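Peer 1: Okay, handing you the structure first.
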Amino acid sequence: MFPSLETKLERFQELEKQLMDPEVLGKPSLMVEIQREYGGLKKVAEAVLEHRRLKADILAAEEMLEVETDRESREYAQAELDELQGSLEELEERLEEIVVAGDAITRGGLIMEIRAGTGGEEAALFANDLFQMYSRYVEVQGWKLELIEASHSDMGGFKEIVFSITGEGAFHQLQFESGGHRVQRVPETETQGRIHTSAATVAVLPEVSEVELEIKDDELQIDTMRAGGPGGQKVNKTESAVRITHLPTGIVVKCQDEKSQHKNKAKAMRVLRGRILEEKERQANAERAEERRTLIGTGDRSSRIRTYNFPDGRCTDHRIGLTLYKLDQIMQGNLTELIEAMLEFDRQEKLKKK
């Protein structure tokens, strides 16, 4: 009934065997990658196995009902069958939700990139505001945030900031944050009180394991250099900065925040894997673009998805026409209403196409 979930169960069982493999146990980094994917699939696998168990129990209860002649025993068997069928219906609804959500439901972590767009220093300050907004949301959810790379502006904003978010359901919840975020407000740089419009772009990349996406050494060009920034820091005296170019796609990632070249390379590879998978998904979406009814889920960074209007205290999501007059709460990380509305809209769209 749920072939895509059966495939996930098979993958889960395969990973379970790998976790008992002495060769895997001897490679801590590989072990961590497998455990991460295993954890993401566990709930799905348990639900599929429960579905199988319920189906078997229902078959046994039906057989008992057929052969039973005693009235009390028949009533007991019928009550048990009714209860099992009710449980099966509830479980199948849940499984259908998992199918509609797709791979996002089993992917735990993500990498988020926020870049200042048009608007100079004000755009960089807005990029910082977005980072603080997501940071607070991550804290409320009990997830973990790790900084990967940051480029500061003169007034304390961010020209660009890249960070990872890990935790159960993180990618599923934040998958639709990719796109253009526009702000309308009186900036700190404005002396005459005029409202300016600035922008920042957000990209949500899946956190991809080495197991899931293999990148061969001969596909990479790795350059090392001294990190940029204020002089005199230890980080600038050694060639700790790393720039990695993925030759087949031309994707370039640079990381210099760590003092260790090894750590910078590891972080850059995390971002690179996410960008490669994002590019593959973008191409797949482009191929079936004529079938799509909305821009939801395309991850198109150029599309404007949301406007934050400070004078009116208003936040509007343009994809679903939702406007909330609680901008102060949203900027404090209260994103639940926005996120749940997006997820429900996407679910309904997918159900229409089934």
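Here, A, B, ... name the chains of the structure tokens in the order displayed, residue numbers run from 1 inside each chain, and ligands are numbered from 1 in the same displayed order.
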Write down as JSON, numbers by chain the residues of segment 46-267 of chain A whose backbone DSSP state falls under helix (DSSP H, G or I).

Peer 2: {"A": [46, 47, 48, 49, 50, 51, 52, 53, 54, 55, 56, 57, 58, 59, 60, 61, 62, 63, 64, 65, 66, 67, 71, 72, 73, 74, 75, 76, 77, 78, 79, 80, 81, 82, 83, 84, 85, 86, 87, 88, 89, 90, 91, 92, 93, 94, 95, 96, 97, 98, 99, 100, 101, 102, 103, 104, 105, 120, 121, 122, 123, 124, 125, 126, 127, 128, 129, 130, 131, 132, 133, 134, 135, 136, 137, 138, 139, 140, 141, 170, 171, 172, 173, 174, 175, 176, 177, 217, 218, 219, 234, 235, 236, 261, 262, 263, 264, 265, 266, 267]}

Peer 1: Determine, using only C-alpha atoms, which residues of segment 92-147 of chain A have any atom at most 8 Å from an atom of segment 311-331 of chain A, and tabulate each with its shortest atom pair and distance in Å to one decimal place, rows ordered by chain and then rising number, as CSV.

Peer 2:
residue,atom,partner,partner_atom,distance
A:Asp129,CA,A:Met331,CA,7.4
A:Leu130,CA,A:Met331,CA,7.5
A:Gln132,CA,A:Met331,CA,7.8
A:Met133,CA,A:Met331,CA,5.1

Peer 1: How would the residues just picked look written out with N, CA, C and O atoms as a PDB file, in the first residue's frame?

Peer 2:
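In the end it all went to selection.pdb:
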ATOM      1  N   ASP A 129      19.151  40.170  11.569  1.00  0.00           N
ATOM      2  CA  ASP A 129      17.846  40.013  12.230  1.00  0.00           C
ATOM      3  C   ASP A 129      17.224  38.655  11.902  1.00  0.00           C
ATOM      4  O   ASP A 129      16.625  38.010  12.766  1.00  0.00           O
ATOM      5  N   LEU A 130      17.344  38.235  10.633  1.00  0.00           N
ATOM      6  CA  LEU A 130      16.819  36.925  10.234  1.00  0.00           C
ATOM      7  C   LEU A 130      17.558  35.810  10.967  1.00  0.00           C
ATOM      8  O   LEU A 130      16.943  34.839  11.427  1.00  0.00           O
ATOM      9  N   GLN A 132      19.019  36.000  13.880  1.00  0.00           N
ATOM     10  CA  GLN A 132      18.563  36.002  15.279  1.00  0.00           C
ATOM     11  C   GLN A 132      17.174  35.373  15.391  1.00  0.00           C
ATOM     12  O   GLN A 132      16.882  34.646  16.344  1.00  0.00           O
ATOM     13  N   MET A 133      16.309  35.648  14.414  1.00  0.00           N
ATOM     14  CA  MET A 133      14.951  35.093  14.401  1.00  0.00           C
ATOM     15  C   MET A 133      14.990  33.560  14.341  1.00  0.00           C
ATOM     16  O   MET A 133      14.341  32.870  15.136  1.00  0.00           O
TER      17      MET A 133
END

Peer 1: Applying 9 Å and only C-alpha atoms, which residues near Val183 of chain A remain after dropping the ones on its own chain fewer than 3 positions away? List them as an MDAnalysis selection string.

Peer 2: chainID A and resid 123 126 196:200 306:310

Peer 1: For the residues selected in the previous step, produce a file with all heavy atoms as an mmCIF file, in the first residue's frame.

Peer 2:
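What follows is the written file selection09.cif:
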data_model
loop_
_atom_site.group_PDB
_atom_site.id
_atom_site.type_symbol
_atom_site.label_atom_id
_atom_site.label_comp_id
_atom_site.auth_asym_id
_atom_site.auth_seq_id
_atom_site.Cartn_x
_atom_site.Cartn_y
_atom_site.Cartn_z
ATOM 1 N N ALA A 123 20.579 46.026 4.493
ATOM 2 C CA ALA A 123 20.329 44.633 4.107
ATOM 3 C C ALA A 123 21.145 43.684 4.980
ATOM 4 O O ALA A 123 20.672 42.612 5.379
ATOM 5 C CB ALA A 123 20.666 44.419 2.629
ATOM 6 N N PHE A 126 19.515 43.455 8.310
ATOM 7 C CA PHE A 126 18.325 42.612 8.208
ATOM 8 C C PHE A 126 18.713 41.132 8.165
ATOM 9 O O PHE A 126 18.045 40.288 8.763
ATOM 10 C CB PHE A 126 17.516 42.991 6.958
ATOM 11 C CG PHE A 126 16.292 42.146 6.743
ATOM 12 C CD1 PHE A 126 15.364 41.956 7.757
ATOM 13 C CD2 PHE A 126 16.075 41.535 5.517
ATOM 14 C CE1 PHE A 126 14.228 41.170 7.552
ATOM 15 C CE2 PHE A 126 14.948 40.747 5.301
ATOM 16 C CZ PHE A 126 14.027 40.562 6.322
ATOM 17 N N HIS A 196 12.692 52.544 4.014
ATOM 18 C CA HIS A 196 13.460 51.931 2.931
ATOM 19 C C HIS A 196 13.039 50.471 2.762
ATOM 20 O O HIS A 196 12.550 49.843 3.692
ATOM 21 C CB HIS A 196 14.966 51.985 3.237
ATOM 22 C CG HIS A 196 15.559 53.352 3.124
ATOM 23 N ND1 HIS A 196 16.738 53.607 2.457
ATOM 24 C CD2 HIS A 196 15.138 54.549 3.597
ATOM 25 C CE1 HIS A 196 17.020 54.901 2.519
ATOM 26 N NE2 HIS A 196 16.062 55.487 3.220
ATOM 27 N N THR A 197 13.257 49.971 1.573
ATOM 28 C CA THR A 197 13.025 48.549 1.309
ATOM 29 C C THR A 197 14.368 47.888 1.026
ATOM 30 O O THR A 197 15.116 48.338 0.162
ATOM 31 C CB THR A 197 12.090 48.352 0.101
ATOM 32 O OG1 THR A 197 10.811 48.938 0.401
ATOM 33 C CG2 THR A 197 11.908 46.872 -0.213
ATOM 34 N N SER A 198 14.665 46.851 1.782
ATOM 35 C CA SER A 198 15.900 46.094 1.589
ATOM 36 C C SER A 198 15.552 44.619 1.513
ATOM 37 O O SER A 198 14.399 44.224 1.725
ATOM 38 C CB SER A 198 16.882 46.340 2.747
ATOM 39 O OG SER A 198 17.164 47.730 2.855
ATOM 40 N N ALA A 199 16.545 43.796 1.217
ATOM 41 C CA ALA A 199 16.257 42.372 1.048
ATOM 42 C C ALA A 199 17.424 41.503 1.478
ATOM 43 O O ALA A 199 18.573 41.943 1.532
ATOM 44 C CB ALA A 199 15.904 42.085 -0.409
ATOM 45 N N ALA A 200 17.099 40.257 1.785
ATOM 46 C CA ALA A 200 18.101 39.222 2.044
ATOM 47 C C ALA A 200 17.563 37.923 1.460
ATOM 48 O O ALA A 200 16.345 37.756 1.316
ATOM 49 C CB ALA A 200 18.344 39.067 3.539
ATOM 50 N N ARG A 306 8.496 36.492 1.263
ATOM 51 C CA ARG A 306 7.931 37.095 2.469
ATOM 52 C C ARG A 306 8.337 38.564 2.591
ATOM 53 O O ARG A 306 9.431 38.938 2.197
ATOM 54 C CB ARG A 306 8.435 36.313 3.684
ATOM 55 C CG ARG A 306 7.519 36.373 4.890
ATOM 56 C CD ARG A 306 8.033 35.459 5.982
ATOM 57 N NE ARG A 306 7.711 34.065 5.720
ATOM 58 C CZ ARG A 306 8.387 33.043 6.211
ATOM 59 N NH1 ARG A 306 9.443 33.257 6.961
ATOM 60 N NH2 ARG A 306 8.015 31.809 5.941
ATOM 61 N N THR A 307 7.428 39.371 3.137
ATOM 62 C CA THR A 307 7.724 40.779 3.411
ATOM 63 C C THR A 307 7.499 41.060 4.891
ATOM 64 O O THR A 307 6.484 40.658 5.459
ATOM 65 C CB THR A 307 6.822 41.707 2.577
ATOM 66 O OG1 THR A 307 7.133 41.547 1.186
ATOM 67 C CG2 THR A 307 7.047 43.168 2.958
ATOM 68 N N TYR A 308 8.476 41.743 5.493
ATOM 69 C CA TYR A 308 8.417 42.126 6.905
ATOM 70 C C TYR A 308 8.258 43.640 6.946
ATOM 71 O O TYR A 308 9.224 44.373 6.694
ATOM 72 C CB TYR A 308 9.691 41.701 7.623
ATOM 73 C CG TYR A 308 10.026 40.221 7.493
ATOM 74 C CD1 TYR A 308 10.546 39.689 6.301
ATOM 75 C CD2 TYR A 308 9.834 39.346 8.567
ATOM 76 C CE1 TYR A 308 10.863 38.337 6.191
ATOM 77 C CE2 TYR A 308 10.150 37.994 8.466
ATOM 78 C CZ TYR A 308 10.662 37.500 7.270
ATOM 79 O OH TYR A 308 10.972 36.161 7.155
ATOM 80 N N ASN A 309 7.057 44.123 7.241
ATOM 81 C CA ASN A 309 6.765 45.558 7.240
ATOM 82 C C ASN A 309 6.721 46.059 8.684
ATOM 83 O O ASN A 309 5.752 45.803 9.414
ATOM 84 C CB ASN A 309 5.438 45.830 6.527
ATOM 85 C CG ASN A 309 5.142 47.318 6.411
ATOM 86 O OD1 ASN A 309 4.935 47.998 7.407
ATOM 87 N ND2 ASN A 309 5.113 47.820 5.184
ATOM 88 N N PHE A 310 7.779 46.763 9.117
ATOM 89 C CA PHE A 310 7.893 47.179 10.506
ATOM 90 C C PHE A 310 6.924 48.301 10.891
ATOM 91 O O PHE A 310 6.357 48.270 11.984
ATOM 92 C CB PHE A 310 9.341 47.563 10.819
ATOM 93 C CG PHE A 310 10.205 46.376 11.124
ATOM 94 C CD1 PHE A 310 10.643 45.540 10.109
ATOM 95 C CD2 PHE A 310 10.575 46.068 12.430
ATOM 96 C CE1 PHE A 310 11.426 44.432 10.383
ATOM 97 C CE2 PHE A 310 11.366 44.962 12.720
ATOM 98 C CZ PHE A 310 11.791 44.132 11.689
#

Peer 1: Interatomic distance between atom CA of Glu46 of chain A and atom CA of Ser29 of chain A?

Peer 2: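 For atom CA of Glu46 of chain A relative to atom CA of Ser29 of chain A, the distance reads 25.8 Å.
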
Peer 1: Go through segment 158-232 of chain A and flag each residue having an atom no more than 12 Å from segment 248-261 of chain A; for those, report the closest pair of atoms plus their distance in Å to one decimal, using only C-alpha atoms, ordered by chain and rising number, as JSON lines.

Peer 2:
{"residue": "A:Glu160", "atom": "CA", "partner": "A:Lys254", "partner_atom": "CA", "distance": 11.9}
{"residue": "A:Ile161", "atom": "CA", "partner": "A:Asp257", "partner_atom": "CA", "distance": 10.9}
{"residue": "A:Val162", "atom": "CA", "partner": "A:Cys255", "partner_atom": "CA", "distance": 9.7}
{"residue": "A:Phe163", "atom": "CA", "partner": "A:Asp257", "partner_atom": "CA", "distance": 11.4}
{"residue": "A:Ile215", "atom": "CA", "partner": "A:Pro248", "partner_atom": "CA", "distance": 10.3}
{"residue": "A:Lys216", "atom": "CA", "partner": "A:Pro248", "partner_atom": "CA", "distance": 10.7}
{"residue": "A:Asp217", "atom": "CA", "partner": "A:Pro248", "partner_atom": "CA", "distance": 11.8}
{"residue": "A:Asp218", "atom": "CA", "partner": "A:Pro248", "partner_atom": "CA", "distance": 10.0}
{"residue": "A:Glu219", "atom": "CA", "partner": "A:Pro248", "partner_atom": "CA", "distance": 6.6}
{"residue": "A:Leu220", "atom": "CA", "partner": "A:Pro248", "partner_atom": "CA", "distance": 8.6}
{"residue": "A:Gln221", "atom": "CA", "partner": "A:Val252", "partner_atom": "CA", "distance": 9.4}
{"residue": "A:Ile222", "atom": "CA", "partner": "A:Lys254", "partner_atom": "CA", "distance": 9.8}
{"residue": "A:Asp223", "atom": "CA", "partner": "A:Lys254", "partner_atom": "CA", "distance": 9.3}
{"residue": "A:Thr224", "atom": "CA", "partner": "A:Gln261", "partner_atom": "CA", "distance": 8.0}
{"residue": "A:Met225", "atom": "CA", "partner": "A:Gln256", "partner_atom": "CA", "distance": 9.0}
{"residue": "A:Arg226", "atom": "CA", "partner": "A:Gln256", "partner_atom": "CA", "distance": 8.3}
{"residue": "A:Ala227", "atom": "CA", "partner": "A:Gln256", "partner_atom": "CA", "distance": 5.6}
{"residue": "A:Gly228", "atom": "CA", "partner": "A:Gln256", "partner_atom": "CA", "distance": 7.9}
{"residue": "A:Gly229", "atom": "CA", "partner": "A:Gln256", "partner_atom": "CA", "distance": 9.8}

Peer 1: Counting only C-alpha atoms, what is within 9 Å of Arg273 of chain A, bar same-chain residues fewer than 5 positions away, as a ChimeraX atom specification?

Peer 2: /A:205-210,213-215,268,278

Peer 1: Can you pull out the residues contacting Val140 of chain A? Cut-off 12 Å, using only C-alpha atoms, and skip same-chain residues under 3 positions away; I want them as an MDAnalysis selection string.

Peer 2: chainID A and resid 133:137 143:145 167 170 332:336

Peer 1: Convert the current residue selection to file output with all heavy atoms, as a compact mmCIF listing (two decimals), in the first residue's frame.

Peer 2:
# COMPACT_ATOMS: atom_id res chain seq x y z
N MET A 133 16.31 35.65 14.41
CA MET A 133 14.95 35.09 14.40
C MET A 133 14.99 33.56 14.34
O MET A 133 14.34 32.87 15.14
CB MET A 133 14.18 35.65 13.20
CG MET A 133 12.77 35.11 13.04
SD MET A 133 11.98 35.74 11.52
CE MET A 133 12.78 34.68 10.27
N TYR A 134 15.79 33.04 13.41
CA TYR A 134 15.89 31.58 13.29
C TYR A 134 16.59 30.98 14.51
O TYR A 134 16.23 29.88 14.96
CB TYR A 134 16.64 31.21 12.00
CG TYR A 134 15.84 31.47 10.75
CD1 TYR A 134 16.32 32.32 9.76
CD2 TYR A 134 14.60 30.87 10.55
CE1 TYR A 134 15.59 32.58 8.60
CE2 TYR A 134 13.86 31.11 9.40
CZ TYR A 134 14.36 31.97 8.43
OH TYR A 134 13.63 32.21 7.29
N SER A 135 17.57 31.68 15.07
CA SER A 135 18.27 31.18 16.24
C SER A 135 17.31 30.99 17.41
O SER A 135 17.37 29.99 18.14
CB SER A 135 19.39 32.15 16.67
OG SER A 135 20.35 32.28 15.66
N ARG A 136 16.42 31.96 17.59
CA ARG A 136 15.44 31.86 18.69
C ARG A 136 14.46 30.72 18.44
O ARG A 136 14.06 30.02 19.37
CB ARG A 136 14.71 33.19 18.85
CG ARG A 136 15.63 34.32 19.34
CD ARG A 136 14.90 35.63 19.49
NE ARG A 136 15.83 36.72 19.81
CZ ARG A 136 16.08 37.76 19.03
NH1 ARG A 136 15.47 37.86 17.85
NH2 ARG A 136 16.92 38.69 19.39
N TYR A 137 14.06 30.55 17.18
CA TYR A 137 13.14 29.45 16.85
C TYR A 137 13.82 28.11 17.13
O TYR A 137 13.20 27.19 17.69
CB TYR A 137 12.72 29.53 15.38
CG TYR A 137 11.74 28.45 14.97
CD1 TYR A 137 10.43 28.45 15.45
CD2 TYR A 137 12.13 27.42 14.11
CE1 TYR A 137 9.53 27.45 15.08
CE2 TYR A 137 11.24 26.42 13.73
CZ TYR A 137 9.95 26.45 14.22
OH TYR A 137 9.07 25.45 13.85
N TRP A 143 16.52 22.37 19.27
CA TRP A 143 17.48 21.89 18.27
C TRP A 143 18.86 22.48 18.57
O TRP A 143 19.04 23.22 19.53
CB TRP A 143 17.04 22.29 16.86
CG TRP A 143 15.72 21.72 16.44
CD1 TRP A 143 15.13 20.57 16.89
CD2 TRP A 143 14.80 22.28 15.49
NE1 TRP A 143 13.91 20.38 16.27
CE2 TRP A 143 13.69 21.41 15.41
CE3 TRP A 143 14.82 23.42 14.68
CZ2 TRP A 143 12.61 21.65 14.57
CZ3 TRP A 143 13.74 23.67 13.84
CH2 TRP A 143 12.65 22.79 13.78
N LYS A 144 19.82 22.15 17.71
CA LYS A 144 21.18 22.64 17.88
C LYS A 144 21.60 23.46 16.67
O LYS A 144 21.38 23.03 15.54
CB LYS A 144 22.14 21.46 18.08
CG LYS A 144 23.61 21.87 18.27
CD LYS A 144 24.50 20.64 18.34
CE LYS A 144 25.98 21.03 18.40
NZ LYS A 144 26.87 19.85 18.36
N LEU A 145 22.21 24.61 16.89
CA LEU A 145 22.69 25.46 15.81
C LEU A 145 24.22 25.54 15.88
O LEU A 145 24.78 25.75 16.96
CB LEU A 145 22.08 26.86 15.93
CG LEU A 145 22.35 27.86 14.81
CD1 LEU A 145 21.18 28.83 14.66
CD2 LEU A 145 23.63 28.66 15.05
N GLY A 167 18.35 18.45 14.52
CA GLY A 167 17.29 18.12 15.47
C GLY A 167 16.14 17.45 14.75
O GLY A 167 15.97 17.63 13.54
N ALA A 170 13.78 19.16 11.95
CA ALA A 170 14.28 20.50 11.61
C ALA A 170 14.12 20.80 10.12
O ALA A 170 13.59 21.85 9.74
CB ALA A 170 15.74 20.64 12.03
N GLN A 332 10.96 37.57 17.13
CA GLN A 332 11.47 36.94 18.35
C GLN A 332 11.52 35.41 18.23
O GLN A 332 11.80 34.71 19.20
CB GLN A 332 10.61 37.33 19.56
CG GLN A 332 10.79 38.77 20.02
CD GLN A 332 12.21 39.08 20.44
OE1 GLN A 332 12.83 38.32 21.17
NE2 GLN A 332 12.74 40.21 19.98
N GLY A 333 11.24 34.93 17.01
CA GLY A 333 11.35 33.49 16.77
C GLY A 333 10.05 32.73 16.83
O GLY A 333 10.04 31.49 16.74
N ASN A 334 8.92 33.44 16.98
CA ASN A 334 7.63 32.75 17.02
C ASN A 334 7.15 32.51 15.59
O ASN A 334 6.29 33.23 15.05
CB ASN A 334 6.61 33.60 17.79
CG ASN A 334 5.31 32.87 18.03
OD1 ASN A 334 5.11 31.74 17.54
ND2 ASN A 334 4.39 33.48 18.75
N LEU A 335 7.69 31.47 14.96
CA LEU A 335 7.43 31.19 13.55
C LEU A 335 6.40 30.08 13.34
O LEU A 335 6.10 29.72 12.20
CB LEU A 335 8.73 30.78 12.84
CG LEU A 335 9.86 31.81 12.85
CD1 LEU A 335 11.13 31.20 12.26
CD2 LEU A 335 9.46 33.05 12.09
N THR A 336 5.88 29.53 14.42
CA THR A 336 5.03 28.34 14.32
C THR A 336 3.85 28.54 13.38
O THR A 336 3.58 27.68 12.53
CB THR A 336 4.52 27.94 15.72
OG1 THR A 336 5.66 27.71 16.57
CG2 THR A 336 3.69 26.67 15.65

Peer 1: Quick one: residues within 12 Å of Arg11 of chain A, only C-alpha atoms, excluding same-chain residues fewer than 3 positions away - as a list in words?

Peer 2: Ser4, Leu5, Glu6, Thr7, Lys8, Glu14, Leu15, Glu16, Lys17, Gln18, Ile34, Glu37, Tyr38, Gly39, Gly40, Leu41, Lys42, Val44, Ala45, Thr106, Val211 and Glu212 of chain A

Peer 1: Write down as a PyMOL selection string the residues belonging to segment 100-211 of chain A that are assigned strand (DSSP E) by DSSP computed on the backbone.

Peer 2: chain A and resi 110-116+144-152+158-166+179-185+196-206

Peer 1: Write a file of the selected residues as a short mmCIF file (atom, residue, chain, number, x, y, z; two decimals), in the first residue's frame, keeping N, CA and C atoms.

Peer 2:
data_model
loop_
_atom_site.label_atom_id
_atom_site.label_comp_id
_atom_site.auth_asym_id
_atom_site.auth_seq_id
_atom_site.Cartn_x
_atom_site.Cartn_y
_atom_site.Cartn_z
N LEU A 110 19.83 20.41 8.48
CA LEU A 110 19.89 21.28 7.32
C LEU A 110 21.02 22.27 7.49
N ILE A 111 21.40 22.87 6.38
CA ILE A 111 22.34 23.99 6.40
C ILE A 111 21.59 25.19 5.84
N MET A 112 21.65 26.29 6.56
CA MET A 112 20.96 27.51 6.13
C MET A 112 21.99 28.58 5.78
N GLU A 113 21.76 29.22 4.64
CA GLU A 113 22.62 30.32 4.22
C GLU A 113 21.76 31.58 4.15
N ILE A 114 22.20 32.65 4.78
CA ILE A 114 21.50 33.94 4.70
C ILE A 114 22.48 34.95 4.11
N ARG A 115 22.06 35.61 3.03
CA ARG A 115 22.92 36.60 2.36
C ARG A 115 22.20 37.93 2.26
N ALA A 116 22.92 39.00 2.54
CA ALA A 116 22.36 40.34 2.35
C ALA A 116 22.16 40.58 0.86
N LYS A 144 19.82 22.15 17.71
CA LYS A 144 21.18 22.64 17.88
C LYS A 144 21.60 23.46 16.67
N LEU A 145 22.21 24.61 16.89
CA LEU A 145 22.69 25.46 15.81
C LEU A 145 24.22 25.54 15.88
N GLU A 146 24.87 25.38 14.75
CA GLU A 146 26.34 25.46 14.69
C GLU A 146 26.76 26.40 13.57
N LEU A 147 27.55 27.40 13.90
CA LEU A 147 28.03 28.35 12.90
C LEU A 147 29.07 27.69 12.00
N ILE A 148 28.93 27.88 10.70
CA ILE A 148 29.89 27.33 9.75
C ILE A 148 30.77 28.42 9.15
N GLU A 149 30.17 29.51 8.71
CA GLU A 149 30.93 30.60 8.08
C GLU A 149 30.16 31.90 8.21
N ALA A 150 30.85 33.00 8.44
CA ALA A 150 30.19 34.30 8.56
C ALA A 150 31.08 35.40 8.01
N SER A 151 30.45 36.35 7.32
CA SER A 151 31.15 37.53 6.81
C SER A 151 30.40 38.76 7.32
N HIS A 152 31.04 39.52 8.19
CA HIS A 152 30.38 40.64 8.86
C HIS A 152 30.44 41.92 8.02
N PHE A 158 25.41 41.04 8.76
CA PHE A 158 26.07 39.95 8.03
C PHE A 158 25.93 40.15 6.53
N LYS A 159 27.07 40.16 5.83
CA LYS A 159 27.01 40.09 4.37
C LYS A 159 26.54 38.68 3.98
N GLU A 160 27.03 37.71 4.76
CA GLU A 160 26.63 36.31 4.56
C GLU A 160 26.88 35.55 5.84
N ILE A 161 25.99 34.63 6.17
CA ILE A 161 26.20 33.74 7.31
C ILE A 161 25.66 32.36 6.95
N VAL A 162 26.46 31.35 7.27
CA VAL A 162 26.09 29.95 6.97
C VAL A 162 26.16 29.17 8.27
N PHE A 163 25.12 28.40 8.56
CA PHE A 163 25.08 27.64 9.81
C PHE A 163 24.25 26.38 9.62
N SER A 164 24.51 25.40 10.48
CA SER A 164 23.75 24.16 10.41
C SER A 164 22.75 24.11 11.56
N ILE A 165 21.64 23.42 11.31
CA ILE A 165 20.62 23.19 12.34
C ILE A 165 20.34 21.70 12.37
N THR A 166 20.49 21.10 13.54
CA THR A 166 20.22 19.67 13.67
C THR A 166 19.18 19.44 14.75
N GLY A 179 14.32 31.50 -0.25
CA GLY A 179 13.77 32.53 -1.13
C GLY A 179 14.14 33.92 -0.68
N GLY A 180 13.53 34.91 -1.29
CA GLY A 180 13.82 36.30 -0.98
C GLY A 180 12.95 36.81 0.17
N HIS A 181 13.59 37.40 1.17
CA HIS A 181 12.90 37.99 2.32
C HIS A 181 13.09 39.51 2.23
N ARG A 182 11.99 40.25 2.18
CA ARG A 182 12.05 41.70 2.00
C ARG A 182 11.65 42.41 3.29
N VAL A 183 12.36 43.49 3.62
CA VAL A 183 12.04 44.26 4.82
C VAL A 183 11.71 45.70 4.43
N GLN A 184 10.70 46.25 5.08
CA GLN A 184 10.31 47.66 4.90
C GLN A 184 10.33 48.32 6.27
N ARG A 185 11.27 49.27 6.45
CA ARG A 185 11.38 49.96 7.74
C ARG A 185 12.29 51.17 7.60
N HIS A 196 12.69 52.54 4.01
CA HIS A 196 13.46 51.93 2.93
C HIS A 196 13.04 50.47 2.76
N THR A 197 13.26 49.97 1.57
CA THR A 197 13.03 48.55 1.31
C THR A 197 14.37 47.89 1.03
N SER A 198 14.66 46.85 1.78
CA SER A 198 15.90 46.09 1.59
C SER A 198 15.55 44.62 1.51
N ALA A 199 16.55 43.80 1.22
CA ALA A 199 16.26 42.37 1.05
C ALA A 199 17.42 41.50 1.48
N ALA A 200 17.10 40.26 1.79
CA ALA A 200 18.10 39.22 2.04
C ALA A 200 17.56 37.92 1.46
N THR A 201 18.45 37.04 1.09
CA THR A 201 18.02 35.75 0.56
C THR A 201 18.39 34.66 1.56
N VAL A 202 17.50 33.69 1.65
CA VAL A 202 17.72 32.54 2.52
C VAL A 202 17.73 31.29 1.65
N ALA A 203 18.67 30.41 1.90
CA ALA A 203 18.70 29.11 1.22
C ALA A 203 18.76 28.02 2.28
N VAL A 204 17.86 27.04 2.15
CA VAL A 204 17.85 25.89 3.06
C VAL A 204 18.37 24.69 2.29
N LEU A 205 19.53 24.17 2.71
CA LEU A 205 20.15 23.03 2.05
C LEU A 205 20.00 21.81 2.94
N PRO A 206 19.73 20.66 2.37
CA PRO A 206 19.67 19.44 3.19
C PRO A 206 21.05 19.08 3.72
#

Peer 1: So what do you get for atom CA of Glu50 of chain A versus atom CA of Glu66 of chain A, distance-wise?

Peer 2: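 Spanning atom CA of Glu50 of chain A to atom CA of Glu66 of chain A is a straight-line distance of 24.4 Å.
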
Peer 1: How many Å lie between atom CA of Val271 of chain A and atom CA of Leu343 of chain A, rounded to one decimal?

Peer 2: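 Computed distance, atom CA of Val271 of chain A to atom CA of Leu343 of chain A, equals 24.9 Å.
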
Peer 1: What's around segment 56-58 of chain A at 10 Å? Count only C-alpha atoms, leave out sequence neighbours fewer than 2 positions away in its own chain, and write the answer as a list in words.

Peer 2: Glu50, His51, Arg52, Arg53, Leu54, Ala60, Ala61, Glu62, Glu63, Met64, Glu80, Leu81, Asp82, Glu83, Leu84, Gln85 and Leu88 of chain A

Peer 1: I need the residues from that last selection saved to file as an mmCIF file, in the first residue's frame (with C-alpha atoms), if you can.

Peer 2:
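Ended up saving to out29.cif:
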data_model
loop_
_atom_site.group_PDB
_atom_site.id
_atom_site.type_symbol
_atom_site.label_atom_id
_atom_site.label_comp_id
_atom_site.auth_asym_id
_atom_site.auth_seq_id
_atom_site.Cartn_x
_atom_site.Cartn_y
_atom_site.Cartn_z
ATOM 1 C CA GLU A 50 3.336 -1.684 13.078
ATOM 2 C CA HIS A 51 1.186 -1.590 9.924
ATOM 3 C CA ARG A 52 2.340 -5.095 9.025
ATOM 4 C CA ARG A 53 1.606 -6.330 12.568
ATOM 5 C CA LEU A 54 -1.897 -4.849 12.589
ATOM 6 C CA ALA A 60 -6.033 -13.712 12.615
ATOM 7 C CA ALA A 61 -9.077 -12.055 14.245
ATOM 8 C CA GLU A 62 -11.151 -12.546 11.072
ATOM 9 C CA GLU A 63 -10.193 -16.231 10.936
ATOM 10 C CA MET A 64 -11.149 -16.633 14.601
ATOM 11 C CA GLU A 80 -11.140 -7.111 19.077
ATOM 12 C CA LEU A 81 -11.451 -6.935 15.269
ATOM 13 C CA ASP A 82 -13.228 -3.564 15.437
ATOM 14 C CA GLU A 83 -10.509 -2.170 17.689
ATOM 15 C CA LEU A 84 -7.747 -3.434 15.393
ATOM 16 C CA GLN A 85 -9.431 -1.985 12.299
ATOM 17 C CA LEU A 88 -5.236 0.434 11.317
#
